[in-house]
Amino acid sequence: MVEIVLNVLSAIGVVAFSVAGALVAIDHRVDMFGVVTLAAITSFGGGLTRDLLMGKLPPTLFTDRFYLVLAGVSVLTALVVFTVARVFQQKFVEREKLIDRITNIFDAVAIGVFATTGAKTVMDFTGTPENAFLVLTLGSLTAVGGSIIRDVLICEVPFVLKKRIYVLAVLAGAGLYYLLVRLGAAEIPALVAGTLLTFGLRMMATVFRWNLPRALP
């Protein structure tokens with residue numbers, strides 16, 4: 001049952017990140033290949049980086065058939081978003097603020113999912129569940145790594161470094177999952193609770209404009 005829930009959450013996360021990544025790519029006026037590539041990087045870049053740092057070679061994306069299917073889903077999702085944007089170009093441009101809100105929602109869903117599933121993957125693979133620093137660091141990297149790589153490729157300061165308590169929300173969700181599991185809670189409630197916490201914090205940060213302080217205005 002845990003495996004099924006984990007796969008469902010992973011699928012939700014990939015679709016959400018693919019939509020968010022495709023929308024960001026379209027906003028930066030890249031071509032169709034660029035949209036698909038950046039959507040896939042947003043979805044899988046964090047997990048690939050995590051696996052490399054853990055020494056899990058080849059990474060799961062290239063060895064697990066389920067993740068190969070998810071890669072296809074990511075491509076298809078990006079193409080659908082690209083097609084909609086191309087067909088409705090004028091409306092897409094006119095409703096840029098609405099598109100930003102939609103991107104933010106999908107992104108919040110995805111980072112919530114991958115913060116917790118990433119933490120679980122690290123705990124399962126390394127066999128060191130007592131190492132909270134390792135679990136939270138690599139678990140959080142799973143959630144934010146792809147977005148960072150995407151933003152660097154489009155020559156932007158990564159969003160996670162400048163707005164909406166992004167990384168703090170991810171750490172909170174991964175941390176809640178870790179704490180619940182260490183206290184003996186069942187996997188599924190822990191996964192759901194961590195995911196919802198990250199999503200909730202990101203949405204609240206958007207509504208109330210929570211940002212960490214900056215040295216300069």
# chains A, B, ... in the order shown; residues from 1 in each chain; ligands from 1
$ residues_around --residues "segment 109-119 of chain A" --least-positions-apart "4" --cutoff "8 Å" --atoms "only C-alpha atoms" --output "JSON, numbers by chain"
{"A": [6, 9, 10, 12, 13, 14, 16, 17, 47, 105, 123, 135, 136, 138, 139, 140, 141, 142, 143, 144, 170, 171, 173, 174, 177, 178, 191, 194, 195, 196, 197, 198, 199]}
$ select_by_dssp --residues "segment 1-213 of chain A" --states "alpha helix (DSSP H)" --output "VMD selection string"
chain A and resid 2 to 27 32 to 54 60 to 63 65 to 87 89 to 94 96 to 126 132 to 153 166 to 182 187 to 208
$ closest_residue --among "A:Ile154, A:Pro58, A:Gly184, A:Ser43" --to "Arg29 of chain A" --atoms "only C-alpha atoms"
A:Ile154
$ residues_around --residues "segment 148-151 of chain A" --least-positions-apart "3" --cutoff "8 Å" --atoms "only C-alpha atoms" --output "short mmCIF file (atom, residue, chain, number, x, y, z; two decimals) with N, CA and C atoms, in the first residue's frame"
data_model
loop_
_atom_site.label_atom_id
_atom_site.label_comp_id
_atom_site.auth_asym_id
_atom_site.auth_seq_id
_atom_site.Cartn_x
_atom_site.Cartn_y
_atom_site.Cartn_z
N GLY A 21 7.19 23.93 -14.75
CA GLY A 21 8.39 24.13 -15.55
C GLY A 21 8.09 24.58 -16.97
N LEU A 38 13.05 21.87 -20.22
CA LEU A 38 13.01 22.55 -18.93
C LEU A 38 11.95 21.96 -18.00
N ILE A 41 13.57 18.80 -16.68
CA ILE A 41 14.62 19.14 -15.71
C ILE A 41 14.00 19.55 -14.38
N THR A 42 12.93 20.34 -14.45
CA THR A 42 12.24 20.74 -13.22
C THR A 42 11.72 19.53 -12.47
N GLY A 45 15.35 16.83 -12.12
CA GLY A 45 16.69 17.31 -11.80
C GLY A 45 17.07 17.12 -10.34
N VAL A 144 13.84 20.92 -4.60
CA VAL A 144 14.22 22.22 -5.17
C VAL A 144 15.31 22.13 -6.23
N GLY A 145 15.99 21.00 -6.33
CA GLY A 145 17.13 20.89 -7.24
C GLY A 145 16.78 21.14 -8.70
N ILE A 154 18.01 29.31 -17.65
CA ILE A 154 17.34 30.45 -18.29
C ILE A 154 17.90 31.78 -17.77
N CYS A 155 19.07 31.69 -17.10
CA CYS A 155 19.80 32.88 -16.64
C CYS A 155 19.00 33.72 -15.66
N GLU A 156 18.34 33.05 -14.73
CA GLU A 156 17.59 33.73 -13.67
C GLU A 156 18.21 33.36 -12.32
N VAL A 157 18.14 34.30 -11.37
CA VAL A 157 18.48 33.93 -10.00
C VAL A 157 17.44 32.92 -9.54
N PRO A 158 17.83 31.73 -9.10
CA PRO A 158 16.83 30.72 -8.72
C PRO A 158 15.78 31.27 -7.77
N PHE A 159 14.53 30.98 -8.09
CA PHE A 159 13.40 31.48 -7.30
C PHE A 159 13.52 31.08 -5.84
N VAL A 160 14.08 29.90 -5.61
CA VAL A 160 14.18 29.39 -4.24
C VAL A 160 15.08 30.24 -3.37
#
$ closest_residue --among "A:Asp124, A:Asp51, A:Asp27, A:Glu187" --to "Ile99 of chain A" --atoms "only C-alpha atoms"
A:Asp27
$ residues_around --residues "Thr206 of chain A" --least-positions-apart "5" --cutoff "12 Å" --atoms "only C-alpha atoms" --output "number ranges by chain"
A: 100-105, 107-108, 163-166, 169, 199-201, 211
$ write_last_selection --atoms "N, CA and C atoms" --output "tab-separated table (two decimals), in the first residue's frame"
chain	number	residue	atom	x	y	z
A	100	ASP	N	0.93	33.15	-13.63
A	100	ASP	CA	1.89	33.11	-12.53
A	100	ASP	C	1.28	32.43	-11.30
A	101	ARG	N	0.01	32.72	-11.03
A	101	ARG	CA	-0.65	32.09	-9.88
A	101	ARG	C	-0.79	30.60	-10.08
A	102	ILE	N	-1.16	30.22	-11.30
A	102	ILE	CA	-1.29	28.79	-11.62
A	102	ILE	C	0.06	28.09	-11.47
A	103	THR	N	1.11	28.72	-11.99
A	103	THR	CA	2.46	28.16	-11.86
A	103	THR	C	2.82	27.96	-10.41
A	104	ASN	N	2.50	28.95	-9.59
A	104	ASN	CA	2.84	28.90	-8.17
A	104	ASN	C	2.13	27.74	-7.47
A	105	ILE	N	0.86	27.52	-7.81
A	105	ILE	CA	0.09	26.44	-7.19
A	105	ILE	C	0.67	25.08	-7.56
A	107	ASP	N	3.65	24.44	-8.59
A	107	ASP	CA	4.97	24.33	-7.99
A	107	ASP	C	4.88	23.95	-6.51
A	108	ALA	N	3.93	24.55	-5.80
A	108	ALA	CA	3.75	24.25	-4.38
A	108	ALA	C	3.35	22.80	-4.16
A	163	LYS	N	12.44	34.28	-2.91
A	163	LYS	CA	11.05	34.61	-2.58
A	163	LYS	C	10.33	33.50	-1.83
A	164	ARG	N	9.33	33.91	-1.07
A	164	ARG	CA	8.29	33.08	-0.50
A	164	ARG	C	8.76	31.92	0.37
A	165	ILE	N	9.74	32.16	1.23
A	165	ILE	CA	10.24	31.16	2.18
A	165	ILE	C	10.28	29.76	1.57
A	166	TYR	N	10.68	29.68	0.33
A	166	TYR	CA	10.61	28.45	-0.46
A	166	TYR	C	11.29	27.27	0.23
A	169	ALA	N	9.86	26.17	3.65
A	169	ALA	CA	8.64	25.36	3.53
A	169	ALA	C	8.99	23.91	3.21
A	199	PHE	N	2.93	22.44	1.21
A	199	PHE	CA	1.98	23.11	0.32
A	199	PHE	C	1.29	24.27	1.04
A	200	GLY	N	0.84	24.01	2.26
A	200	GLY	CA	0.15	25.04	3.02
A	200	GLY	C	1.03	26.25	3.30
A	201	LEU	N	2.27	26.01	3.68
A	201	LEU	CA	3.19	27.12	3.95
A	201	LEU	C	3.47	27.94	2.69
A	211	ASN	N	8.40	36.71	3.05
A	211	ASN	CA	9.72	36.58	2.46
A	211	ASN	C	10.77	36.74	3.56
$ atom_distance --atom1 "atom CA of Thr137 of chain A" --atom2 "atom CA of Gly175 of chain A"
10.0 Å
$ atom_distance --atom1 "atom CA of Val122 of chain A" --atom2 "atom CA of Val35 of chain A"
29.5 Å
$ closest_residue --among "A:Phe106, A:Tyr67, A:Phe82, A:Phe125" --to "Val15 of chain A" --atoms "only C-alpha atoms"
A:Phe106
$ closest_residue --among "A:Ala40, A:Leu48, A:Val181, A:Ala193" --to "Ala132 of chain A" --atoms "only C-alpha atoms"
A:Val181
$ closest_residue --among "A:Leu70, A:Val24, A:Leu76, A:Leu168" --to "Trp210 of chain A" --atoms "only C-alpha atoms"
A:Leu168
$ atom_distance --atom1 "atom CA of Val73 of chain A" --atom2 "atom CA of Leu153 of chain A"
22.2 Å
